[in-house]
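One structure below.
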Amino acid sequence: MSFGERMRARRGELDMTRPELAALLGVSPSAVGNYETGVSFPKEEIMLRLFDALETDPNTLFQDSFQYNKEPLSQKEQRLVADYRGLSALGRETVRTMVEALCAYRDEAEAGPEAQEPRMIPLYRSPAAAGYAAPAFGEDFDLIAVAGDVPPAAEFGVRIQGDSMAPYIADGSVVYVNRDPLRAGDVGIFWVDGDILCKQYYKDPAGIVYLFSLNRARADADVVLTSSGGRSLACFGRVIMRAFPLPGW
């Protein structure tokens, strides 16, 4: 029996899941999977924690580990090993990354939904002027879980102040943002000459960018940027909501 097989067997004796052992070792569940399948070997400091976590000693885990390769590889496995060894360093690293990702997916499936921690994203909460948002780096924020009413694709949230996007985005409400490309009619979070705005986006064939207020009673808050105007524009992301008809369309 190999080191990895003994490690897996001992974990089973303790009724311990891979995620539980990974937490004790300070590594990912996929790393534990790699140890148990022989894809990789624990570093010295992790090995010491492993003995404590599994309540065992080196002799128990390493017994007969030199016989790990006594079972011959199949022809397909031999070809895979040969192909792997023939790759560049970058190619081998890519393969290892893919294997780790697949192992992580497998481990999550084995652990079940109840064992998976929700992904956390920042919710920016700094005060802002009417129609403005605050997703800039360094601003105050809270971490919130991507669960419940938070869309799975959200990368951060922004609390909006003002009525320029009402009634679709009410004063004090939260919008959720991702990095998807903007299309005409989408609402986005923009940086314009140092100000952060939540506006509807449109770029015409001449290259002029229009940032509209959804509340047309606040058309005074619209922004128009031309290529020769010398103004600065950056997009932080797309607000996760439906696209709206453009004003006058």
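Residue numbering restarts at 1 in every chain; chains get A, B, ... in the order shown in the structure tokens, and ligands count up from 1 in that same order.
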- Message: Please identify the strand (DSSP E or B) residues within range 20-235 of chain A (assignment by DSSP from backbone atoms) and present them as number ranges by chain.
- Response: A: 120-124, 132, 141-145, 156-159, 174-178, 187-192, 195-203, 209-212, 223-225, 233-235
- Might you pull out every residue within 8 Å of Ile189 in chain A, with only C-alpha atoms counted and same-chain residues fewer than 5 positions away left off, and present them as a list in words?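 Near Ile189 in chain A, the qualifying residues are Ala133, Val177, Ile196, Leu197, Cys198, Lys199, Cys235, Phe236, Gly237, Arg238 and Val239 of chain A.
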Export of prior selection with all heavy atoms as a short mmCIF file (atom, residue, chain, number, x, y, z; two decimals), in the first residue's frame:
```cif
data_model
loop_
_atom_site.label_atom_id
_atom_site.label_comp_id
_atom_site.auth_asym_id
_atom_site.auth_seq_id
_atom_site.Cartn_x
_atom_site.Cartn_y
_atom_site.Cartn_z
N ALA A 133 -21.87 56.42 -7.05
CA ALA A 133 -21.60 55.18 -6.32
C ALA A 133 -20.18 55.25 -5.80
O ALA A 133 -19.46 56.20 -6.10
CB ALA A 133 -21.77 53.98 -7.24
N VAL A 177 -22.53 44.07 -9.31
CA VAL A 177 -21.76 44.38 -10.51
C VAL A 177 -20.84 43.22 -10.86
O VAL A 177 -20.28 42.57 -9.97
CB VAL A 177 -20.92 45.66 -10.29
CG1 VAL A 177 -20.19 46.07 -11.56
CG2 VAL A 177 -21.81 46.80 -9.79
N ILE A 196 -17.35 58.89 -9.46
CA ILE A 196 -17.89 57.55 -9.69
C ILE A 196 -19.39 57.67 -9.88
O ILE A 196 -20.09 58.20 -9.03
CB ILE A 196 -17.57 56.61 -8.50
CG1 ILE A 196 -16.09 56.66 -8.13
CG2 ILE A 196 -18.01 55.19 -8.82
CD1 ILE A 196 -15.17 56.21 -9.24
N LEU A 197 -19.88 57.18 -11.02
CA LEU A 197 -21.29 57.31 -11.36
C LEU A 197 -21.91 55.97 -11.72
O LEU A 197 -21.23 55.10 -12.26
CB LEU A 197 -21.48 58.26 -12.55
CG LEU A 197 -20.93 59.68 -12.44
CD1 LEU A 197 -19.53 59.76 -13.00
CD2 LEU A 197 -21.83 60.64 -13.18
N CYS A 198 -23.19 55.85 -11.46
CA CYS A 198 -23.99 54.72 -11.92
C CYS A 198 -24.91 55.27 -13.01
O CYS A 198 -25.78 56.11 -12.73
CB CYS A 198 -24.80 54.14 -10.76
SG CYS A 198 -25.88 52.77 -11.24
N LYS A 199 -24.71 54.82 -14.27
CA LYS A 199 -25.43 55.39 -15.39
C LYS A 199 -25.72 54.32 -16.45
O LYS A 199 -25.09 53.27 -16.48
CB LYS A 199 -24.63 56.52 -16.05
CG LYS A 199 -24.40 57.74 -15.16
CD LYS A 199 -25.69 58.48 -14.86
CE LYS A 199 -25.43 59.69 -13.97
NZ LYS A 199 -26.70 60.36 -13.59
N CYS A 235 -14.62 52.18 -16.95
CA CYS A 235 -15.80 51.41 -16.51
C CYS A 235 -15.36 50.38 -15.49
O CYS A 235 -14.46 49.58 -15.73
CB CYS A 235 -16.46 50.73 -17.71
SG CYS A 235 -17.89 49.72 -17.26
N PHE A 236 -16.02 50.38 -14.33
CA PHE A 236 -15.73 49.39 -13.29
C PHE A 236 -16.47 48.08 -13.54
O PHE A 236 -16.05 47.04 -13.05
CB PHE A 236 -16.12 49.93 -11.91
CG PHE A 236 -15.13 50.89 -11.33
CD1 PHE A 236 -15.33 52.25 -11.43
CD2 PHE A 236 -13.99 50.45 -10.70
CE1 PHE A 236 -14.43 53.14 -10.90
CE2 PHE A 236 -13.08 51.33 -10.16
CZ PHE A 236 -13.30 52.69 -10.27
N GLY A 237 -17.58 48.12 -14.26
CA GLY A 237 -18.31 46.88 -14.51
C GLY A 237 -19.76 47.15 -14.87
O GLY A 237 -20.24 48.29 -14.87
N ARG A 238 -20.46 46.08 -15.17
CA ARG A 238 -21.87 46.13 -15.57
C ARG A 238 -22.76 45.79 -14.39
O ARG A 238 -22.54 44.79 -13.70
CB ARG A 238 -22.13 45.14 -16.71
CG ARG A 238 -23.56 45.17 -17.24
CD ARG A 238 -23.76 44.10 -18.31
NE ARG A 238 -23.76 42.77 -17.73
CZ ARG A 238 -24.85 42.18 -17.24
NH1 ARG A 238 -26.02 42.81 -17.25
NH2 ARG A 238 -24.79 40.96 -16.74
N VAL A 239 -23.76 46.62 -14.15
CA VAL A 239 -24.75 46.33 -13.11
C VAL A 239 -25.61 45.16 -13.59
O VAL A 239 -26.09 45.14 -14.73
CB VAL A 239 -25.62 47.56 -12.82
CG1 VAL A 239 -26.75 47.20 -11.84
CG2 VAL A 239 -24.77 48.68 -12.26
#
```
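CA of Leu225 in chain A lies 25.6 Å from CA of Ala170 in chain A.
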- Out of A:Phe3, A:Val174, A:Glu20, A:Ala31, which residue has the shortest atom-to-atom distance to Tyr105 in chain A when counting only C-alpha atoms?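 Closest to Tyr105 in chain A, using only C-alpha atoms: A:Ala31.
Contact shell of Ala147 in chain A at 12 Å (only C-alpha atoms; same-chain neighbours under 2 positions omitted): Gln116, Glu117, Pro118, Arg119, Met120, Ile121, Ile144, Ala145, Asp149, Val150, Pro151, Pro152, Ala153 and Ala154 of chain A.
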Residues just named, written with N, CA and C atoms as an mmCIF file, in the first residue's frame:
```
data_model
loop_
_atom_site.group_PDB
_atom_site.id
_atom_site.type_symbol
_atom_site.label_atom_id
_atom_site.label_comp_id
_atom_site.auth_asym_id
_atom_site.auth_seq_id
_atom_site.Cartn_x
_atom_site.Cartn_y
_atom_site.Cartn_z
ATOM 1 N N GLN A 116 -19.783 23.560 1.560
ATOM 2 C CA GLN A 116 -19.123 24.586 0.770
ATOM 3 C C GLN A 116 -19.395 25.963 1.359
ATOM 4 N N GLU A 117 -18.327 26.716 1.586
ATOM 5 C CA GLU A 117 -18.468 28.061 2.115
ATOM 6 C C GLU A 117 -18.879 29.003 0.993
ATOM 7 N N PRO A 118 -19.800 29.929 1.258
ATOM 8 C CA PRO A 118 -20.218 30.866 0.210
ATOM 9 C C PRO A 118 -19.084 31.817 -0.162
ATOM 10 N N ARG A 119 -19.060 32.223 -1.414
ATOM 11 C CA ARG A 119 -18.068 33.190 -1.876
ATOM 12 C C ARG A 119 -18.412 34.560 -1.303
ATOM 13 N N MET A 120 -17.389 35.323 -0.887
ATOM 14 C CA MET A 120 -17.586 36.631 -0.294
ATOM 15 C C MET A 120 -17.168 37.714 -1.292
ATOM 16 N N ILE A 121 -17.942 38.793 -1.353
ATOM 17 C CA ILE A 121 -17.615 39.919 -2.217
ATOM 18 C C ILE A 121 -17.728 41.210 -1.407
ATOM 19 N N ILE A 144 -19.856 40.554 1.997
ATOM 20 C CA ILE A 144 -21.141 39.875 2.050
ATOM 21 C C ILE A 144 -21.032 38.557 1.281
ATOM 22 N N ALA A 145 -21.869 37.596 1.640
ATOM 23 C CA ALA A 145 -21.853 36.280 1.000
ATOM 24 C C ALA A 145 -22.670 36.314 -0.289
ATOM 25 N N ASP A 149 -30.271 36.770 -2.136
ATOM 26 C CA ASP A 149 -30.632 37.728 -3.177
ATOM 27 C C ASP A 149 -29.432 38.215 -3.981
ATOM 28 N N VAL A 150 -28.228 37.829 -3.604
ATOM 29 C CA VAL A 150 -27.030 38.279 -4.324
ATOM 30 C C VAL A 150 -26.814 37.380 -5.539
ATOM 31 N N PRO A 151 -26.767 37.925 -6.764
ATOM 32 C CA PRO A 151 -26.591 37.091 -7.956
ATOM 33 C C PRO A 151 -25.268 36.322 -7.915
ATOM 34 N N PRO A 152 -25.258 35.068 -8.363
ATOM 35 C CA PRO A 152 -24.021 34.275 -8.333
ATOM 36 C C PRO A 152 -22.875 34.912 -9.110
ATOM 37 N N ALA A 153 -23.185 35.696 -10.156
ATOM 38 C CA ALA A 153 -22.127 36.285 -10.980
ATOM 39 C C ALA A 153 -21.580 37.585 -10.412
ATOM 40 N N ALA A 154 -22.114 38.068 -9.301
ATOM 41 C CA ALA A 154 -21.689 39.357 -8.754
ATOM 42 C C ALA A 154 -20.238 39.315 -8.306
#
```
- Task: Excluding Gln200 in chain A and residues on its chain fewer than 5 positions from it, collect all residues at most 9 Å away from it, counting only C-alpha atoms, and give them as a PyMOL selection string.
- Result: chain A and resi 165+184-189+210-214+243-244+246
- Enumerate, as an MDAnalysis selection string, the complete set of residues in range 77-244 of chain A that a backbone-based DSSP assignment places in alpha helix (DSSP H). chainID A and resid 77:85 89:111
Export N, CA, C and O atoms of the chosen residues as a compact mmCIF listing (two decimals), in the first residue's frame?
```
# COMPACT_ATOMS: atom_id res chain seq x y z
N GLU A 77 -2.01 5.06 -19.76
CA GLU A 77 -1.37 5.82 -18.70
C GLU A 77 0.10 6.09 -19.04
O GLU A 77 0.62 7.18 -18.78
N GLN A 78 0.77 5.11 -19.64
CA GLN A 78 2.16 5.31 -20.03
C GLN A 78 2.28 6.42 -21.07
O GLN A 78 3.21 7.23 -21.04
N ARG A 79 1.34 6.44 -22.03
CA ARG A 79 1.37 7.49 -23.06
C ARG A 79 1.12 8.86 -22.43
O ARG A 79 1.76 9.86 -22.81
N LEU A 80 0.20 8.93 -21.46
CA LEU A 80 -0.06 10.19 -20.80
C LEU A 80 1.17 10.70 -20.06
O LEU A 80 1.50 11.89 -20.11
N VAL A 81 1.85 9.78 -19.36
CA VAL A 81 3.07 10.16 -18.63
C VAL A 81 4.15 10.63 -19.61
O VAL A 81 4.82 11.65 -19.38
N ALA A 82 4.31 9.91 -20.72
CA ALA A 82 5.30 10.30 -21.72
C ALA A 82 4.98 11.65 -22.33
O ALA A 82 5.85 12.50 -22.52
N ASP A 83 3.70 11.87 -22.64
CA ASP A 83 3.30 13.16 -23.20
C ASP A 83 3.54 14.29 -22.20
O ASP A 83 3.99 15.38 -22.56
N TYR A 84 3.22 14.03 -20.92
CA TYR A 84 3.42 15.04 -19.89
C TYR A 84 4.90 15.41 -19.77
O TYR A 84 5.25 16.60 -19.72
N ARG A 85 5.76 14.40 -19.76
CA ARG A 85 7.20 14.66 -19.63
C ARG A 85 7.75 15.39 -20.85
O ARG A 85 8.78 16.07 -20.76
N ALA A 89 7.96 23.46 -19.48
CA ALA A 89 7.66 23.74 -18.07
C ALA A 89 6.30 24.41 -17.94
O ALA A 89 5.51 24.09 -17.04
N LEU A 90 6.01 25.33 -18.88
CA LEU A 90 4.71 25.99 -18.84
C LEU A 90 3.58 25.00 -19.12
O LEU A 90 2.53 25.04 -18.48
N GLY A 91 3.81 24.07 -20.06
CA GLY A 91 2.79 23.07 -20.37
C GLY A 91 2.52 22.16 -19.18
O GLY A 91 1.36 21.84 -18.89
N ARG A 92 3.59 21.73 -18.50
CA ARG A 92 3.40 20.86 -17.32
C ARG A 92 2.65 21.60 -16.22
O ARG A 92 1.81 21.02 -15.53
N GLU A 93 2.97 22.88 -16.05
CA GLU A 93 2.28 23.67 -15.02
C GLU A 93 0.81 23.82 -15.37
O GLU A 93 -0.07 23.77 -14.50
N THR A 94 0.50 23.97 -16.67
CA THR A 94 -0.89 24.06 -17.11
C THR A 94 -1.64 22.77 -16.80
O THR A 94 -2.78 22.80 -16.33
N VAL A 95 -1.00 21.62 -17.07
CA VAL A 95 -1.62 20.33 -16.78
C VAL A 95 -1.88 20.20 -15.28
O VAL A 95 -2.97 19.77 -14.84
N ARG A 96 -0.89 20.56 -14.46
CA ARG A 96 -1.07 20.47 -13.00
C ARG A 96 -2.22 21.35 -12.53
O ARG A 96 -3.01 20.96 -11.67
N THR A 97 -2.32 22.55 -13.11
CA THR A 97 -3.40 23.46 -12.73
C THR A 97 -4.76 22.86 -13.08
O THR A 97 -5.71 22.93 -12.30
N MET A 98 -4.85 22.25 -14.26
CA MET A 98 -6.11 21.64 -14.68
C MET A 98 -6.47 20.47 -13.78
O MET A 98 -7.63 20.30 -13.39
N VAL A 99 -5.48 19.65 -13.43
CA VAL A 99 -5.73 18.50 -12.55
C VAL A 99 -6.21 18.97 -11.18
O VAL A 99 -7.16 18.43 -10.60
N GLU A 100 -5.57 20.02 -10.66
CA GLU A 100 -5.98 20.55 -9.35
C GLU A 100 -7.41 21.09 -9.41
O GLU A 100 -8.19 20.91 -8.46
N ALA A 101 -7.74 21.76 -10.51
CA ALA A 101 -9.09 22.29 -10.64
C ALA A 101 -10.12 21.16 -10.70
O ALA A 101 -11.19 21.25 -10.08
N LEU A 102 -9.81 20.10 -11.44
CA LEU A 102 -10.72 18.96 -11.52
C LEU A 102 -10.85 18.27 -10.17
O LEU A 102 -11.95 17.85 -9.78
N CYS A 103 -9.75 18.16 -9.45
CA CYS A 103 -9.80 17.55 -8.11
C CYS A 103 -10.62 18.41 -7.16
O CYS A 103 -11.39 17.88 -6.34
N ALA A 104 -10.47 19.73 -7.27
CA ALA A 104 -11.25 20.62 -6.41
C ALA A 104 -12.74 20.48 -6.71
O ALA A 104 -13.58 20.45 -5.79
N TYR A 105 -13.08 20.38 -8.01
CA TYR A 105 -14.49 20.20 -8.39
C TYR A 105 -15.02 18.88 -7.84
O TYR A 105 -16.13 18.82 -7.30
N ARG A 106 -14.20 17.82 -7.94
CA ARG A 106 -14.61 16.52 -7.41
C ARG A 106 -14.80 16.59 -5.89
O ARG A 106 -15.78 16.06 -5.35
N ASP A 107 -13.86 17.25 -5.20
CA ASP A 107 -13.94 17.32 -3.75
C ASP A 107 -15.18 18.10 -3.31
O ASP A 107 -15.82 17.74 -2.32
N GLU A 108 -15.50 19.19 -4.04
CA GLU A 108 -16.70 19.95 -3.70
C GLU A 108 -17.95 19.11 -3.89
O GLU A 108 -18.89 19.18 -3.10
N ALA A 109 -17.95 18.31 -4.96
CA ALA A 109 -19.11 17.45 -5.21
C ALA A 109 -19.24 16.40 -4.12
O ALA A 109 -20.35 16.07 -3.68
N GLU A 110 -18.10 15.85 -3.67
CA GLU A 110 -18.12 14.84 -2.61
C GLU A 110 -18.58 15.44 -1.29
O GLU A 110 -19.30 14.81 -0.51
N ALA A 111 -18.14 16.68 -1.03
CA ALA A 111 -18.46 17.30 0.25
C ALA A 111 -19.93 17.67 0.35
O ALA A 111 -20.52 17.68 1.43
```
- Task: Would you mind reading off the distance between CA of Leu233 in chain A and CA of Trp191 in chain A, one decimal, in Å?
- Result: 5.6 Å
For Leu123 in chain A, work out the shell of residues within 7 Å, counting only C-alpha atoms and skipping chain neighbours fewer than 3 positions away, then give it as a PDB file with N, CA and C atoms, in the first residue's frame.
```pdb
ATOM      1  N   PHE A 141     -15.866  49.262   2.983  1.00  0.00           N
ATOM      2  CA  PHE A 141     -16.765  48.244   2.453  1.00  0.00           C
ATOM      3  C   PHE A 141     -16.992  47.170   3.493  1.00  0.00           C
ATOM      4  N   ASP A 142     -18.063  46.413   3.302  1.00  0.00           N
ATOM      5  CA  ASP A 142     -18.364  45.218   4.086  1.00  0.00           C
ATOM      6  C   ASP A 142     -18.268  44.016   3.166  1.00  0.00           C
ATOM      7  N   LEU A 143     -17.905  42.875   3.704  1.00  0.00           N
ATOM      8  CA  LEU A 143     -17.911  41.641   2.934  1.00  0.00           C
ATOM      9  C   LEU A 143     -19.256  40.952   3.107  1.00  0.00           C
ATOM     10  N   ILE A 144     -19.856  40.554   1.997  1.00  0.00           N
ATOM     11  CA  ILE A 144     -21.141  39.875   2.050  1.00  0.00           C
ATOM     12  C   ILE A 144     -21.032  38.557   1.281  1.00  0.00           C
ATOM     13  N   PHE A 156     -18.867  42.561  -7.000  1.00  0.00           N
ATOM     14  CA  PHE A 156     -18.939  43.486  -5.873  1.00  0.00           C
ATOM     15  C   PHE A 156     -20.306  44.153  -5.890  1.00  0.00           C
ATOM     16  N   GLY A 157     -20.652  44.783  -4.772  1.00  0.00           N
ATOM     17  CA  GLY A 157     -21.913  45.493  -4.658  1.00  0.00           C
ATOM     18  C   GLY A 157     -21.645  46.965  -4.378  1.00  0.00           C
ATOM     19  N   VAL A 158     -22.591  47.811  -4.744  1.00  0.00           N
ATOM     20  CA  VAL A 158     -22.464  49.248  -4.543  1.00  0.00           C
ATOM     21  C   VAL A 158     -23.791  49.787  -4.016  1.00  0.00           C
TER      22      VAL A 158
END
```
